[in-house]
file target_19.cif (mmCIF, C-alpha atoms)
data_run
loop_
_atom_site.label_atom_id
_atom_site.label_comp_id
_atom_site.auth_asym_id
_atom_site.auth_seq_id
_atom_site.Cartn_x
_atom_site.Cartn_y
_atom_site.Cartn_z
CA MET A 1 -2.55 14.07 11.57
CA ILE A 2 -0.86 11.47 9.39
CA THR A 3 1.63 9.34 11.25
CA VAL A 4 4.67 8.38 9.18
CA ALA A 5 7.94 6.75 10.06
CA ASP A 6 10.70 9.08 11.16
CA ARG A 7 13.50 6.83 9.93
CA ARG A 8 13.38 5.19 6.51
CA GLN A 9 15.93 3.05 4.73
CA SER A 10 15.15 3.72 1.09
CA LYS A 11 14.24 6.52 -1.26
CA GLY A 12 11.15 4.55 -2.27
CA ALA A 13 9.73 4.47 1.25
CA ALA A 14 10.54 8.15 1.66
CA ALA A 15 8.76 8.97 -1.60
CA LEU A 16 5.67 7.06 -0.46
CA ALA A 17 5.71 8.82 2.91
CA ASP A 18 5.89 12.19 1.15
CA ALA A 19 2.98 11.21 -1.13
CA LEU A 20 0.87 10.25 1.88
CA ARG A 21 1.51 13.62 3.46
CA VAL A 22 -0.05 15.21 0.38
CA HIS A 23 -2.99 12.78 0.27
CA PRO A 24 -3.47 9.89 2.73
CA VAL A 25 -5.52 7.71 0.36
CA ILE A 26 -3.92 5.24 -2.04
CA ALA A 27 -5.99 4.18 -5.06
CA SER A 28 -6.26 0.39 -4.94
CA VAL A 29 -7.06 -0.76 -8.49
CA ARG A 30 -8.38 -4.30 -8.89
CA ASP A 31 -9.59 -3.84 -12.48
CA GLU A 32 -7.19 -2.18 -14.88
CA ASP A 33 -10.13 -0.50 -16.61
CA ARG A 34 -10.28 1.77 -13.55
CA LEU A 35 -6.64 2.79 -13.82
CA PRO A 36 -7.37 6.00 -15.79
CA GLU A 37 -9.73 7.14 -13.03
CA ALA A 38 -7.08 6.44 -10.39
CA ILE A 39 -4.51 8.37 -12.41
CA ALA A 40 -6.91 11.33 -12.70
CA SER A 41 -7.74 11.32 -8.97
CA HIS A 42 -6.18 13.27 -6.09
CA CYS A 43 -4.26 10.17 -4.95
CA ARG A 44 -0.51 10.37 -5.29
CA ALA A 45 0.06 6.59 -5.15
CA ILE A 46 -1.58 3.63 -6.89
CA PHE A 47 -1.69 -0.03 -5.88
CA LEU A 48 -2.32 -2.13 -8.99
CA LEU A 49 -3.73 -5.50 -7.97
CA SER A 50 -4.50 -6.98 -11.37
CA THR A 51 -3.04 -6.77 -14.87
CA SER A 52 -1.39 -8.99 -17.48
CA ILE A 53 2.21 -9.48 -18.50
CA GLN A 54 1.47 -7.84 -21.86
CA ARG A 55 0.23 -4.65 -20.18
CA LEU A 56 3.08 -4.05 -17.75
CA SER A 57 5.01 -1.60 -19.90
CA ALA A 58 1.94 0.47 -20.84
CA VAL A 59 0.77 0.59 -17.23
CA GLY A 60 4.17 1.71 -15.99
CA ASP A 61 4.38 4.41 -18.65
CA ALA A 62 0.89 5.75 -17.89
CA VAL A 63 1.44 6.05 -14.14
CA ALA A 64 4.92 7.53 -14.55
CA ALA A 65 3.61 10.12 -17.03
CA ALA A 66 1.11 11.25 -14.40
CA GLY A 67 3.89 11.67 -11.84
CA LYS A 68 2.37 9.13 -9.47
CA LEU A 69 3.86 6.24 -7.52
CA LEU A 70 3.11 2.68 -8.62
CA PHE A 71 3.10 -0.49 -6.52
CA ILE A 72 2.22 -3.77 -8.26
CA HIS A 73 1.02 -7.00 -6.69
CA LEU A 74 3.13 -9.74 -8.27
CA ASP A 75 0.72 -12.55 -7.37
CA PHE A 76 -2.05 -11.23 -9.62
CA ILE A 77 -0.22 -10.55 -12.87
CA GLY A 78 -1.57 -12.90 -15.51
CA GLY A 79 1.09 -14.86 -17.37
CA LEU A 80 3.89 -14.07 -14.93
CA GLY A 81 5.49 -16.41 -12.43
CA ARG A 82 5.90 -15.90 -8.70
CA ASP A 83 9.67 -16.14 -8.38
CA GLU A 84 12.70 -13.85 -8.43
CA GLU A 85 13.03 -14.01 -12.21
CA ALA A 86 9.44 -12.83 -12.57
CA LEU A 87 10.16 -10.03 -10.13
CA GLU A 88 13.19 -8.96 -12.18
CA TYR A 89 11.06 -8.88 -15.33
CA LEU A 90 8.43 -6.81 -13.52
CA ALA A 91 11.03 -4.32 -12.33
CA GLU A 92 12.53 -3.87 -15.80
CA THR A 93 9.25 -3.71 -17.73
CA ALA A 94 6.83 -1.71 -15.55
CA ARG A 95 9.45 0.16 -13.48
CA PRO A 96 7.19 0.46 -10.40
CA LEU A 97 8.33 2.08 -7.20
CA GLY A 98 7.46 -1.03 -5.25
CA LEU A 99 6.19 -4.57 -4.99
CA ILE A 100 3.17 -5.77 -3.03
CA THR A 101 3.53 -9.31 -1.70
CA THR A 102 2.48 -11.71 1.02
CA ARG A 103 5.64 -13.73 0.45
CA THR A 104 8.34 -12.89 2.96
CA GLY A 105 10.99 -14.43 0.69
CA LEU A 106 10.31 -11.89 -2.05
CA VAL A 107 10.84 -8.90 0.23
CA GLN A 108 14.62 -9.22 0.14
CA ALA A 109 14.59 -9.99 -3.60
CA ALA A 110 12.58 -6.83 -4.27
CA ARG A 111 15.02 -4.80 -2.22
CA ARG A 112 17.98 -6.16 -4.19
CA LEU A 113 16.32 -4.99 -7.41
CA GLY A 114 15.82 -1.48 -6.06
CA LEU A 115 12.09 -1.90 -5.44
CA THR A 116 10.39 -0.88 -2.21
CA PRO A 117 8.74 -4.02 -0.81
CA LEU A 118 5.28 -3.74 0.73
CA GLN A 119 4.39 -6.73 2.87
CA ARG A 120 0.69 -7.55 3.21
CA LEU A 121 -0.55 -8.82 6.56
CA PHE A 122 -3.98 -10.45 6.83
CA LEU A 123 -5.29 -10.22 10.39
CA LEU A 124 -7.79 -12.90 11.38
CA ASP A 125 -7.17 -13.07 15.12
CA SER A 126 -4.65 -12.18 17.83
CA GLN A 127 -2.31 -14.97 16.73
CA SER A 128 -2.19 -13.73 13.12
CA LEU A 129 -1.46 -10.24 14.48
CA ALA A 130 1.52 -11.52 16.45
CA THR A 131 2.71 -13.66 13.54
CA GLY A 132 2.37 -10.76 11.10
CA ILE A 133 4.37 -8.41 13.30
CA GLU A 134 7.13 -10.98 13.65
CA ALA A 135 7.17 -11.62 9.87
CA ALA A 136 7.47 -7.90 9.13
CA ARG A 137 10.20 -7.51 11.74
CA SER A 138 12.09 -10.50 10.31
CA SER A 139 11.91 -9.27 6.72
CA ARG A 140 12.68 -5.67 7.74
CA ALA A 141 9.80 -4.52 5.54
CA GLU A 142 9.69 -0.74 5.34
CA VAL A 143 6.04 -0.68 4.32
CA VAL A 144 3.32 -2.94 5.72
CA GLU A 145 -0.29 -3.12 4.56
CA VAL A 146 -2.74 -4.28 7.21
CA LEU A 147 -5.95 -5.99 6.08
CA PRO A 148 -8.69 -5.36 7.00
CA GLY A 149 -7.92 -1.72 7.67
CA ILE A 150 -11.02 -0.97 9.73
CA VAL A 151 -9.60 -2.36 12.99
CA PRO A 152 -7.95 0.64 14.71
CA ARG A 153 -6.80 -1.49 17.65
CA ALA A 154 -4.79 -3.75 15.32
CA VAL A 155 -3.29 -0.76 13.50
CA GLY A 156 -2.30 0.75 16.83
CA ALA A 157 -0.73 -2.52 18.01
CA ILE A 158 1.39 -2.78 14.87
CA ARG A 159 2.41 0.87 15.13
CA ALA A 160 3.57 0.26 18.70
CA GLN A 161 5.67 -2.76 17.66
CA LEU A 162 6.98 -1.36 14.37
CA PRO A 163 7.37 2.37 15.08
CA HIS A 164 9.57 3.13 12.07
CA THR A 165 7.47 1.28 9.48
CA LEU A 166 4.98 2.88 7.11
CA ILE A 167 1.65 1.24 7.91
CA ILE A 168 -1.08 1.18 5.28
CA ALA A 169 -4.60 0.25 6.35
CA GLY A 170 -6.31 -1.62 3.52
CA GLY A 171 -9.54 -3.44 2.91
CA LEU A 172 -13.15 -2.56 3.80
CA VAL A 173 -12.40 1.16 4.19
CA ARG A 174 -15.31 2.96 2.55
CA THR A 175 -15.97 6.28 4.33
CA PRO A 176 -14.01 9.42 5.27
CA GLU A 177 -14.68 8.56 8.91
CA GLU A 178 -12.99 5.17 8.53
CA VAL A 179 -9.99 6.80 6.87
CA ALA A 180 -9.72 9.27 9.74
CA GLN A 181 -10.00 6.48 12.32
CA ALA A 182 -7.18 4.53 10.68
CA LEU A 183 -4.95 7.60 10.58
CA ARG A 184 -5.67 8.44 14.23
CA ALA A 185 -4.80 4.84 15.16
CA GLY A 186 -1.34 5.26 13.63
CA ALA A 187 -1.73 4.33 9.97
CA SER A 188 0.46 6.26 7.55
CA GLY A 189 -2.19 6.01 4.84
CA VAL A 190 -5.16 4.02 3.62
CA SER A 191 -5.53 1.94 0.47
CA THR A 192 -9.02 1.56 -0.91
CA SER A 193 -10.88 0.60 -4.08
CA SER A 194 -13.59 3.16 -3.26
CA ALA A 195 -13.23 5.74 -6.03
CA ALA A 196 -15.32 8.21 -4.03
CA LEU A 197 -12.44 8.47 -1.54
CA TRP A 198 -9.87 8.87 -4.31
CA HIS A 199 -11.42 12.15 -5.35
CA LEU A 200 -11.90 13.77 -1.94
CA ASP A 201 -9.76 16.64 -0.74
CA PRO A 202 -7.37 15.60 2.07
CA ALA A 203 -9.22 17.94 4.44
CA ALA A 204 -12.16 15.51 4.31
CA PHE A 205 -10.18 13.04 6.41
CA GLU A 206 -9.05 15.38 9.16
CA GLY A 207 -12.21 15.10 11.30
CA PRO A 208 -12.87 15.08 14.11
CA PHE A 209 -15.92 12.91 13.45
CA ARG A 210 -18.66 12.49 15.99
CA SER A 211 -19.46 8.98 17.12
CA ASP A 212 -23.00 7.67 16.95
CA PRO A 213 -25.05 8.36 20.11
#
call {"tool": "encode", "arguments": {"input": "target_19.cif", "output": "structure tokens"}}
result
Amino acid sequence: MITVADRRQSKGAAALADALRVHPVIASVRDEDRLPEAIASHCRAIFLLSTSIQRLSAVGDAVAAAGKLLFIHLDFIGGLGRDEEALEYLAETARPLGLITTRTGLVQAARRLGLTPLQRLFLLDSQSLATGIEAARSSRAEVVEVLPGIVPRAVGAIRAQLPHTLIIAGGLVRTPEEVAQALRAGASGVSTSSAALWHLDPAAFEGPFRSDP
């Protein structure tokens, strides 16, 4: 079963939660050449991790025409800055549902512009886990992406501390079993660049999966 937050503060977070109920996998697109495949897949949401300033409008139009949700990582847009003015330009040009960022200061700026902020947390050890939870709590991020997403214990710990936050498990997730494990641990969905998972029916992630003997 997909675990999603019961209380949400924005329409954007609610829309993402609804999309994850339909399909728990988010297409994570590092190379824009793969965007058409992501758009044609079963995924209802797309994380775009790389593009250029000249392509923002076309990308936004293509994803919107497919009726899918778009989140863009500001840090990897070629030719665009990393400040609030850049964020405003992104919002007006590509019209994404949300912003992906590791910068706590941009979370509030995104919210002011009507974007749903997604805060990325990189977990290296127990200290980074505690620091990440505190950062997400401080910024009041409605959506948190946990990397790597193949550590169910970390996902469960964040779910326990941030019970009303959408938690996305991202990074190194390559099999239906790993998707199912993340969901059972409390993730709301999984982001992955593995196109094979984009095209699977949601039933493929329901399990239960047998562990190795």
call {"tool": "residues_around", "arguments": {"input": "target_19.cif", "residues": "A:Val25", "least_positions_apart": "4", "cutoff": "10 Å", "atoms": "all atoms listed in the file", "output": "PDB file with C-alpha atoms, in the coordinates of the input"}}
result
ATOM      1  CA  ALA A  19       2.980  11.210  -1.130  1.00  0.00           C
ATOM      2  CA  LEU A  20       0.870  10.250   1.880  1.00  0.00           C
ATOM      3  CA  ARG A  21       1.510  13.620   3.460  1.00  0.00           C
ATOM      4  CA  HIS A  42      -6.180  13.270  -6.090  1.00  0.00           C
ATOM      5  CA  CYS A  43      -4.260  10.170  -4.950  1.00  0.00           C
ATOM      6  CA  ARG A  44      -0.510  10.370  -5.290  1.00  0.00           C
ATOM      7  CA  ALA A  45       0.060   6.590  -5.150  1.00  0.00           C
ATOM      8  CA  ILE A  46      -1.580   3.630  -6.890  1.00  0.00           C
ATOM      9  CA  ILE A 168      -1.080   1.180   5.280  1.00  0.00           C
ATOM     10  CA  ALA A 169      -4.600   0.250   6.350  1.00  0.00           C
ATOM     11  CA  GLY A 170      -6.310  -1.620   3.520  1.00  0.00           C
ATOM     12  CA  PRO A 176     -14.010   9.420   5.270  1.00  0.00           C
ATOM     13  CA  VAL A 179      -9.990   6.800   6.870  1.00  0.00           C
ATOM     14  CA  SER A 188       0.460   6.260   7.550  1.00  0.00           C
ATOM     15  CA  GLY A 189      -2.190   6.010   4.840  1.00  0.00           C
ATOM     16  CA  VAL A 190      -5.160   4.020   3.620  1.00  0.00           C
ATOM     17  CA  SER A 191      -5.530   1.940   0.470  1.00  0.00           C
ATOM     18  CA  THR A 192      -9.020   1.560  -0.910  1.00  0.00           C
ATOM     19  CA  SER A 193     -10.880   0.600  -4.080  1.00  0.00           C
ATOM     20  CA  SER A 194     -13.590   3.160  -3.260  1.00  0.00           C
ATOM     21  CA  LEU A 197     -12.440   8.470  -1.540  1.00  0.00           C
ATOM     22  CA  TRP A 198      -9.870   8.870  -4.310  1.00  0.00           C
ATOM     23  CA  HIS A 199     -11.420  12.150  -5.350  1.00  0.00           C
ATOM     24  CA  LEU A 200     -11.900  13.770  -1.940  1.00  0.00           C
ATOM     25  CA  ASP A 201      -9.760  16.640  -0.740  1.00  0.00           C
ATOM     26  CA  PRO A 202      -7.370  15.600   2.070  1.00  0.00           C
ATOM     27  CA  PHE A 205     -10.180  13.040   6.410  1.00  0.00           C
TER      28      PHE A 205
END
call {"tool": "closest_residue", "arguments": {"input": "target_19.cif", "among": "A:Ile167, A:Leu115, A:Ala196, A:Leu87", "to": "A:Ala17", "atoms": "all atoms listed in the file"}}
result
A:Ile167
call {"tool": "resolve_selection", "arguments": {"input": "target_19.cif", "expression": "the PyMOL selection byres ((chain A and resi 149) around 9)", "output": "list in words"}}
result
Glu145, Val146, Leu147, Pro148, Ile150, Val151, Pro152, Ala154, Val155, Ile168, Ala169, Gly170, Gly171, Leu172, Val173, Glu178, Val179, Ala182, Ala187, Val190 and Ser191 of chain A
call {"tool": "resolve_selection", "arguments": {"input": "target_19.cif", "expression": "the PyMOL selection byres ((chain A and resi 166) around 7)", "output": "list in words"}}
result
Val4, Ala5, Glu142, Val143, Val144, His164, Thr165, Ile167, Ile168 and Ser188 of chain A
call {"tool": "atom_distance", "arguments": {"input": "target_19.cif", "atom1": "atom CA of A:Glu85", "atom2": "atom CA of A:Ile39"}}
result
28.4 Å
call {"tool": "closest_residue", "arguments": {"input": "target_19.cif", "among": "A:Arg159, A:Thr101, A:Leu113, A:Ile53", "to": "A:Leu129", "atoms": "all atoms listed in the file"}}
result
A:Arg159
call {"tool": "residues_around", "arguments": {"input": "target_19.cif", "residues": "stretch 116-119 of chain A", "least_positions_apart": "6", "cutoff": "6 Å", "atoms": "all atoms listed in the file", "output": "PyMOL selection string"}}
result
chain A and resi 12+98-102+107+110+143-144
call {"tool": "atom_distance", "arguments": {"input": "target_19.cif", "atom1": "atom CA of A:Thr175", "atom2": "atom CA of A:Leu123"}}
result
20.6 Å
call {"tool": "resolve_selection", "arguments": {"input": "target_19.cif", "expression": "the PyMOL selection byres ((chain A and resi 72) around 8)", "output": "ChimeraX atom specification"}}
result
/A:47-49,70-71,73-74,96,98-100
call {"tool": "residues_around", "arguments": {"input": "target_19.cif", "residues": "A:Arg153", "least_positions_apart": "3", "cutoff": "8 Å", "atoms": "only C-alpha atoms", "output": "number ranges by chain"}}
result
A: 156-157, 185
call {"tool": "atom_distance", "arguments": {"input": "target_19.cif", "atom1": "atom CA of A:Leu183", "atom2": "atom CA of A:His23"}}
result
11.7 Å
call {"tool": "axis_aligned_box", "arguments": {"input": "target_19.cif", "around": "stretch 150-161 of chain A", "padding_each_side": "8 Å", "output": "lines of an AutoDock Vina configuration file"}}
result
center_x = -2.7
center_y = -1.4
center_z = 14.2
size_x = 32.7
size_y = 20.6
size_z = 25.0
call {"tool": "closest_residue", "arguments": {"input": "target_19.cif", "among": "A:Ala65, A:Ala180, A:Ala38, A:Val59", "to": "A:Leu90", "atoms": "all atoms listed in the file"}}
result
A:Val59
